[in-house]
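This is start-v3.cif (mmCIF, C-alpha atoms and all ligand atoms).
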```
data_structure
#
loop_
_atom_site.label_atom_id
_atom_site.label_comp_id
_atom_site.auth_asym_id
_atom_site.auth_seq_id
_atom_site.Cartn_x
_atom_site.Cartn_y
_atom_site.Cartn_z
CA MET A 1 0.00 0.00 0.00
CA SER A 2 1.28 3.46 -0.91
CA LEU A 3 1.71 5.82 2.03
CA LEU A 4 0.17 8.58 -0.07
CA ALA A 5 -2.45 7.58 -2.64
CA VAL A 6 -4.21 9.80 -5.15
CA GLU A 7 -7.23 8.03 -6.60
CA GLY A 8 -9.19 9.25 -9.62
CA VAL A 9 -8.56 12.92 -8.85
CA THR A 10 -10.11 15.57 -11.10
CA ALA A 11 -9.54 19.28 -10.48
CA ALA A 12 -10.40 22.33 -12.57
CA PHE A 13 -9.98 26.09 -12.80
CA GLY A 14 -13.42 27.14 -14.01
CA GLY A 15 -13.94 25.28 -17.26
CA HIS A 16 -10.27 24.28 -17.58
CA THR A 17 -9.55 20.74 -16.36
CA ALA A 18 -6.08 20.80 -14.77
CA LEU A 19 -6.18 17.19 -13.51
CA ASP A 20 -8.25 14.52 -15.21
CA ARG A 21 -8.89 11.35 -13.17
CA VAL A 22 -5.30 11.06 -11.97
CA SER A 23 -4.34 8.04 -9.84
CA LEU A 24 -0.84 7.59 -8.44
CA GLY A 25 0.97 6.36 -5.35
CA VAL A 26 3.92 7.62 -3.33
CA GLU A 27 5.75 4.96 -1.31
CA ALA A 28 7.29 5.28 2.14
CA GLY A 29 11.08 4.93 2.17
CA ALA A 30 11.51 6.07 -1.43
CA VAL A 31 11.82 9.15 -3.62
CA THR A 32 9.06 9.31 -6.24
CA GLY A 33 9.31 11.74 -9.14
CA LEU A 34 6.44 13.74 -10.64
CA ILE A 35 7.44 15.21 -13.99
CA GLY A 36 5.79 16.67 -17.07
CA PRO A 37 5.98 19.71 -19.35
CA ASN A 38 5.00 23.21 -18.16
CA GLY A 39 1.32 23.37 -17.31
CA ALA A 40 1.01 19.57 -16.96
CA GLY A 41 -0.70 19.92 -13.57
CA LYS A 42 2.17 19.07 -11.19
CA THR A 43 1.72 22.05 -8.85
CA THR A 44 -2.05 21.60 -9.05
CA LEU A 45 -1.64 18.01 -7.86
CA LEU A 46 0.40 19.18 -4.84
CA ASN A 47 -2.24 21.83 -4.13
CA VAL A 48 -5.01 19.23 -4.20
CA VAL A 49 -3.07 16.74 -2.05
CA THR A 50 -2.33 19.40 0.60
CA GLY A 51 -5.92 20.72 0.57
CA MET A 52 -5.04 24.14 -0.86
CA MET A 53 -7.28 23.52 -3.86
CA ALA A 54 -10.62 21.69 -3.90
CA LEU A 55 -10.98 18.64 -6.10
CA ARG A 56 -14.04 17.92 -8.23
CA ALA A 57 -13.77 14.14 -7.93
CA GLY A 58 -11.53 11.51 -6.41
CA THR A 59 -9.90 10.59 -3.10
CA VAL A 60 -6.63 11.37 -1.34
CA ARG A 61 -5.39 8.83 1.23
CA LEU A 62 -2.56 9.00 3.74
CA ALA A 63 -1.57 5.63 5.22
CA GLY A 64 -4.92 4.28 4.05
CA ALA A 65 -7.01 6.98 5.76
CA ASP A 66 -9.26 9.12 3.57
CA ILE A 67 -8.07 12.72 4.09
CA THR A 68 -10.02 14.22 1.17
CA SER A 69 -12.22 16.32 3.46
CA PHE A 70 -9.37 17.39 5.80
CA THR A 71 -8.29 21.04 5.98
CA THR A 72 -4.71 21.99 5.13
CA HIS A 73 -3.85 22.12 8.85
CA GLN A 74 -5.39 18.73 9.55
CA ARG A 75 -3.33 17.28 6.71
CA ALA A 76 -0.16 18.84 8.11
CA ARG A 77 -0.90 17.33 11.50
CA ALA A 78 -1.53 14.00 9.83
CA GLY A 79 2.01 14.20 8.46
CA LEU A 80 1.92 15.98 5.11
CA ALA A 81 4.49 18.71 4.41
CA ARG A 82 5.36 20.62 1.26
CA THR A 83 7.60 23.28 -0.20
CA PHE A 84 6.54 25.84 -2.79
CA GLN A 85 7.59 26.56 -6.36
CA ARG A 86 7.60 30.26 -5.39
CA LEU A 87 9.51 30.84 -2.18
CA GLU A 88 7.44 31.43 0.95
CA LEU A 89 10.06 32.42 3.52
CA PHE A 90 10.11 35.24 6.08
CA GLY A 91 12.72 37.36 4.31
CA SER A 92 13.70 39.55 7.27
CA LEU A 93 14.17 36.63 9.68
CA THR A 94 17.45 34.75 9.63
CA VAL A 95 17.68 31.26 8.17
CA ARG A 96 17.83 29.79 11.70
CA GLU A 97 14.81 31.83 12.84
CA ASN A 98 12.78 30.70 9.83
CA VAL A 99 13.40 27.06 10.72
CA ARG A 100 12.86 27.57 14.48
CA VAL A 101 9.49 29.24 13.89
CA ALA A 102 8.31 26.11 12.10
CA ALA A 103 9.60 23.89 14.91
CA ASP A 104 7.84 26.07 17.51
CA ILE A 105 4.54 25.81 15.65
CA ARG A 106 4.89 22.05 15.49
CA ASN A 107 5.59 21.90 19.21
CA ARG A 108 2.35 23.76 19.92
CA TRP A 109 0.48 20.88 18.29
CA THR A 110 2.14 18.35 20.55
CA TRP A 111 -0.07 18.23 23.61
CA ARG A 112 1.65 15.62 25.71
CA ARG A 113 4.85 16.82 27.30
CA ARG A 114 6.62 13.58 26.49
CA GLY A 115 6.18 14.24 22.76
CA ARG A 116 7.75 17.68 22.94
CA ARG A 117 11.30 18.09 21.74
CA ASN A 118 13.85 20.79 21.86
CA ALA A 119 12.80 22.88 18.88
CA ASP A 120 16.08 24.77 18.67
CA ALA A 121 18.21 21.62 18.63
CA GLU A 122 15.97 20.07 16.03
CA ALA A 123 16.16 23.17 13.83
CA ASP A 124 19.95 23.19 14.09
CA ARG A 125 20.12 19.52 13.12
CA ALA A 126 18.14 20.19 9.93
CA ILE A 127 20.27 23.25 9.14
CA GLU A 128 23.38 21.12 9.49
CA MET A 129 21.98 18.27 7.41
CA LEU A 130 21.06 20.61 4.56
CA GLY A 131 24.45 22.35 4.56
CA LEU A 132 22.99 25.69 5.71
CA ALA A 133 25.17 26.23 8.78
CA GLY A 134 27.29 28.83 6.95
CA VAL A 135 24.27 31.06 6.24
CA ALA A 136 22.24 30.30 9.39
CA ASP A 137 22.60 33.82 10.78
CA GLN A 138 21.88 35.67 7.54
CA PRO A 139 18.44 37.06 6.68
CA ALA A 140 16.61 34.52 4.49
CA GLY A 141 15.80 37.31 2.04
CA VAL A 142 19.43 37.89 1.03
CA ILE A 143 20.73 34.34 0.42
CA PRO A 144 20.78 32.85 -3.12
CA THR A 145 17.59 31.18 -4.37
CA GLY A 146 19.09 27.68 -4.41
CA ARG A 147 19.94 27.97 -0.71
CA ALA A 148 16.60 29.58 0.15
CA ARG A 149 14.83 26.53 -1.26
CA LEU A 150 16.77 24.39 1.20
CA VAL A 151 15.57 26.64 4.02
CA GLU A 152 12.01 25.88 2.91
CA LEU A 153 12.85 22.20 3.02
CA ALA A 154 14.33 22.56 6.53
CA ARG A 155 11.10 24.22 7.65
CA ALA A 156 8.99 21.47 6.10
CA LEU A 157 11.05 18.87 7.99
CA MET A 158 10.18 20.50 11.33
CA ILE A 159 6.72 18.92 11.31
CA ARG A 160 8.46 15.52 11.02
CA PRO A 161 6.41 14.62 7.96
CA ARG A 162 5.51 11.12 6.85
CA ALA A 163 5.06 12.43 3.31
CA LEU A 164 7.08 15.32 1.91
CA LEU A 165 6.05 17.09 -1.32
CA LEU A 166 8.71 19.20 -3.03
CA ASP A 167 7.85 21.61 -5.86
CA GLU A 168 11.02 22.28 -7.89
CA PRO A 169 13.31 22.33 -4.84
CA ALA A 170 16.50 22.32 -6.93
CA ALA A 171 15.69 25.34 -9.10
CA GLY A 172 18.56 27.79 -8.69
CA GLN A 173 21.04 25.17 -7.47
CA ASP A 174 24.37 24.61 -9.22
CA ASP A 175 25.79 21.13 -9.98
CA ALA A 176 27.62 20.74 -6.66
CA ASP A 177 24.44 21.72 -4.77
CA THR A 178 22.45 19.22 -6.80
CA ASP A 179 24.85 16.37 -5.94
CA ALA A 180 24.45 17.15 -2.25
CA PHE A 181 20.70 17.40 -2.71
CA VAL A 182 20.46 13.89 -4.18
CA GLU A 183 22.13 12.63 -1.00
CA VAL A 184 19.73 14.60 1.20
CA LEU A 185 16.74 13.07 -0.58
CA ALA A 186 18.21 9.58 -0.20
CA ALA A 187 18.77 10.20 3.52
CA LEU A 188 15.17 11.34 4.04
CA ALA A 189 13.85 8.28 2.21
CA ALA A 190 16.17 6.08 4.31
CA GLU A 191 14.45 7.49 7.41
CA GLY A 192 11.19 6.06 6.03
CA MET A 193 9.70 9.22 4.56
CA ALA A 194 7.63 9.17 1.38
CA VAL A 195 9.15 11.89 -0.82
CA LEU A 196 7.40 13.27 -3.91
CA LEU A 197 9.75 15.32 -6.07
CA VAL A 198 8.41 17.70 -8.75
CA GLU A 199 11.40 18.75 -10.81
CA HIS A 200 12.40 19.85 -14.31
CA ASP A 201 16.09 18.92 -13.92
CA MET A 202 15.95 15.47 -15.57
CA GLY A 203 19.48 14.56 -14.49
CA LEU A 204 18.47 15.07 -10.88
CA VAL A 205 15.14 13.26 -11.30
CA MET A 206 16.74 10.24 -12.92
CA ARG A 207 19.42 9.98 -10.24
CA ALA A 208 17.23 10.66 -7.22
CA CYS A 209 14.01 8.79 -7.97
CA HIS A 210 13.12 5.14 -7.51
CA ARG A 211 9.92 5.57 -9.47
CA ILE A 212 8.50 8.35 -11.65
CA HIS A 213 4.99 9.45 -12.62
CA VAL A 214 4.53 11.57 -15.74
CA LEU A 215 1.70 14.07 -16.25
CA ASP A 216 0.81 15.79 -19.50
CA LEU A 217 -2.10 18.21 -19.90
CA GLY A 218 -3.63 16.97 -16.65
CA VAL A 219 -3.49 13.28 -17.57
CA LEU A 220 -1.15 10.64 -16.09
CA ILE A 221 0.60 9.26 -19.17
CA ALA A 222 3.25 6.99 -17.63
CA SER A 223 4.52 5.50 -14.36
CA GLY A 224 7.65 3.42 -13.97
CA SER A 225 11.34 3.26 -13.18
CA PRO A 226 13.58 6.07 -14.50
CA VAL A 227 14.73 3.82 -17.36
CA GLU A 228 11.18 2.78 -18.30
CA VAL A 229 9.90 6.34 -18.28
CA GLN A 230 12.79 7.66 -20.37
CA ARG A 231 12.06 5.10 -23.09
CA ASP A 232 8.28 5.51 -23.03
CA PRO A 233 7.00 6.78 -26.41
CA ALA A 234 4.15 8.73 -24.77
CA VAL A 235 6.66 10.55 -22.54
CA LEU A 236 8.99 11.37 -25.44
CA SER A 237 6.06 12.66 -27.44
CA ALA A 238 4.83 14.84 -24.54
CA TYR A 239 8.24 16.47 -24.14
CA LEU A 240 9.43 16.62 -27.72
CA GLY A 241 6.21 16.63 -29.77
CA PRO A 242 4.41 13.91 -31.73
CA GLY A 243 6.65 11.79 -33.92
CA ALA A 244 9.68 12.25 -31.66
CA ALA A 245 9.39 8.68 -30.39
CA GLY A 246 9.47 7.19 -33.87
N1 LIG B 1 -4.64 29.98 -10.67
C1 LIG B 1 -4.90 29.44 -11.86
N2 LIG B 1 -5.97 29.84 -12.59
C2 LIG B 1 -6.26 29.31 -13.80
N3 LIG B 1 -5.54 28.33 -14.38
C3 LIG B 1 -4.47 27.89 -13.70
C4 LIG B 1 -4.09 28.42 -12.43
N4 LIG B 1 -2.97 27.77 -12.00
C5 LIG B 1 -2.67 26.90 -12.97
N5 LIG B 1 -3.56 26.96 -13.99
C6 LIG B 1 -3.55 26.14 -15.21
O1 LIG B 1 -3.64 24.77 -14.82
C7 LIG B 1 -2.77 23.96 -15.59
C8 LIG B 1 -1.80 23.25 -14.70
O2 LIG B 1 -0.94 24.19 -14.09
P1 LIG B 1 0.17 23.79 -13.02
O3 LIG B 1 0.67 25.04 -12.41
O4 LIG B 1 -0.37 22.76 -12.11
O5 LIG B 1 1.30 23.13 -13.96
P2 LIG B 1 2.77 22.63 -13.61
O6 LIG B 1 2.86 21.23 -14.13
O7 LIG B 1 3.07 22.86 -12.18
O8 LIG B 1 3.66 23.57 -14.55
P3 LIG B 1 5.13 24.20 -14.31
O9 LIG B 1 6.10 23.11 -14.67
O10 LIG B 1 5.20 25.32 -15.28
O11 LIG B 1 5.23 24.63 -12.88
C9 LIG B 1 -2.13 24.90 -16.61
O12 LIG B 1 -2.88 24.86 -17.80
C10 LIG B 1 -2.23 26.25 -15.95
O13 LIG B 1 -2.30 27.28 -16.93
MG MG B 2 4.39 24.00 -11.19
#
```
What would you get if you wrote out this structure as structure tokens?
Ligand SMILES: Nc1ncnc2c1ncn2[C@@H]1O[C@H](COP(=O)(O)OP(=O)(O)OP(=O)(O)O)[C@@H](O)[C@H]1O
Ligand SMILES: [Mg+2]
Amino acid sequence: MSLLAVEGVTAAFGGHTALDRVSLGVEAGAVTGLIGPNGAGKTTLLNVVTGMMALRAGTVRLAGADITSFTTHQRARAGLARTFQRLELFGSLTVRENVRVAADIRNRWTWRRRGRRNADAEADRAIEMLGLAGVADQPAGVIPTGRARLVELARALMIRPRALLLDEPAAGQDDADTDAFVEVLAALAAEGMAVLLVEHDMGLVMRACHRIHVLDLGVLIASGSPVEVQRDPAVLSAYLGPGAAG
């Protein structure tokens, strides 16, 4: 059973169908890719899964439980975290403060004392893991975009998610950053997390992902291993135009 399951999901902006009966799974302990050309519906899928956009039909399940009617906050408490394609940081707070704020909020959810942890220590551990120690005391608004995306990831980790949804987290990273990022994703999966990676950098996707789902114009056109997906005629056609697969 997939930790996160999207079943027959349809979503629309007015008369424009952005997702058309999409079904896909995201496994615990693995990195799953979600790719597709611009406008394919990738961000819309993350919005529907996190409850930021209403669906017209279908079901979203987390660990088997139907969370379709949950609010965004209920989903976060159930263990869903995400990062955004457009950065959503507090620009005037330092990197460390941005991460600590998220840890503090999480701690407020934890009613029983036993479950509470030292938010500051936890924030510092994530900062270290993501290679942000060198910029921890700088305002988040002044660090390069590639780094700022990692700050978003550190914040998302503060809720100790079971499923982590990343919308183009590597945009703005250089090659050395990307290598380190592949290792970070592998480490999160090794901790048992279900990671869903939306990304246009195909080199990164192919290296990082165990399995990949491909959307085109709101329709799921392929699911498989990196090798299977790369060879799939429907995928080649979606990216390169009809006839490209021939
Ligand atoms: N707020 C909106 N209002 C109307 N249409 C929208 C809105 N947001 C997205 N769309 C449309 O929905 C479709 C899916 O968009 P979405 O942002 O999910 O694509 P995407 O796969 O994330 O693309 P990209 O790779 O460019 O980020 C597109 O046709 C887009 O134009
Ligand atoms: Mg998008």
- Message: Show me, as JSON, numbers by chain, the residues that have an atom within 7 Å of stretch 90-100 of chain A when counting only C-alpha atoms, minus same-chain residues fewer than 4 positions from it.
- Response: {"A": [104, 119, 120, 123, 135, 136, 137, 138, 139, 140, 141, 151, 154, 155]}
Given the selection you just returned, output its residues as a file containing C-alpha atoms, formatted as a PDB file, in the frame of the given file.
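Written out: result-v3.pdb:
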```
ATOM      1  CA  ASP A 104       7.840  26.070  17.510  1.00  0.00           C
ATOM      2  CA  ALA A 119      12.800  22.880  18.880  1.00  0.00           C
ATOM      3  CA  ASP A 120      16.080  24.770  18.670  1.00  0.00           C
ATOM      4  CA  ALA A 123      16.160  23.170  13.830  1.00  0.00           C
ATOM      5  CA  VAL A 135      24.270  31.060   6.240  1.00  0.00           C
ATOM      6  CA  ALA A 136      22.240  30.300   9.390  1.00  0.00           C
ATOM      7  CA  ASP A 137      22.600  33.820  10.780  1.00  0.00           C
ATOM      8  CA  GLN A 138      21.880  35.670   7.540  1.00  0.00           C
ATOM      9  CA  PRO A 139      18.440  37.060   6.680  1.00  0.00           C
ATOM     10  CA  ALA A 140      16.610  34.520   4.490  1.00  0.00           C
ATOM     11  CA  GLY A 141      15.800  37.310   2.040  1.00  0.00           C
ATOM     12  CA  VAL A 151      15.570  26.640   4.020  1.00  0.00           C
ATOM     13  CA  ALA A 154      14.330  22.560   6.530  1.00  0.00           C
ATOM     14  CA  ARG A 155      11.100  24.220   7.650  1.00  0.00           C
TER      15      ARG A 155
END
```
- Query: Using all atoms listed in the file, which protein or nucleic acid residues are at most 9 Å from ligand MG 2 (chain B), as JSON, numbers by chain?
  - Reply: {"A": [38, 39, 40, 41, 42, 43, 44, 46, 84, 85, 167, 168, 198, 199]}
- Message: Just want the residues within 12 Å of ligand LIG 1 (chain B), written as a PyMOL selection string, counting all atoms listed in the file.
- Response: chain A and resi 10-20+34-48+52-53+84-86+166-169+171+197-201+214-220+239
- Pick out the closest residue to A:Leu87 from this set: A:Met193, A:Ala28, A:Val49, A:Ala148. Count all atoms listed in the file.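 With all atoms listed in the file as the atom set, the closest residue is A:Ala148.
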- Message: With distances taken over all atoms listed in the file, which residue among A:Val205, A:Ala103, A:Gly8, A:Pro161 lies nearest A:Leu188?
- Response: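 Between A:Val205, A:Ala103, A:Gly8, A:Pro161, the residue approaching A:Leu188 most closely is A:Pro161.
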- Compare A:Gly64, A:Gly134, A:Gly241, A:Pro144 by their minimum atom-to-atom distance to A:Val26, counting all atoms listed in the file, and give me the closest one.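 Using all atoms listed in the file, A:Val26 sits closest to A:Gly64.
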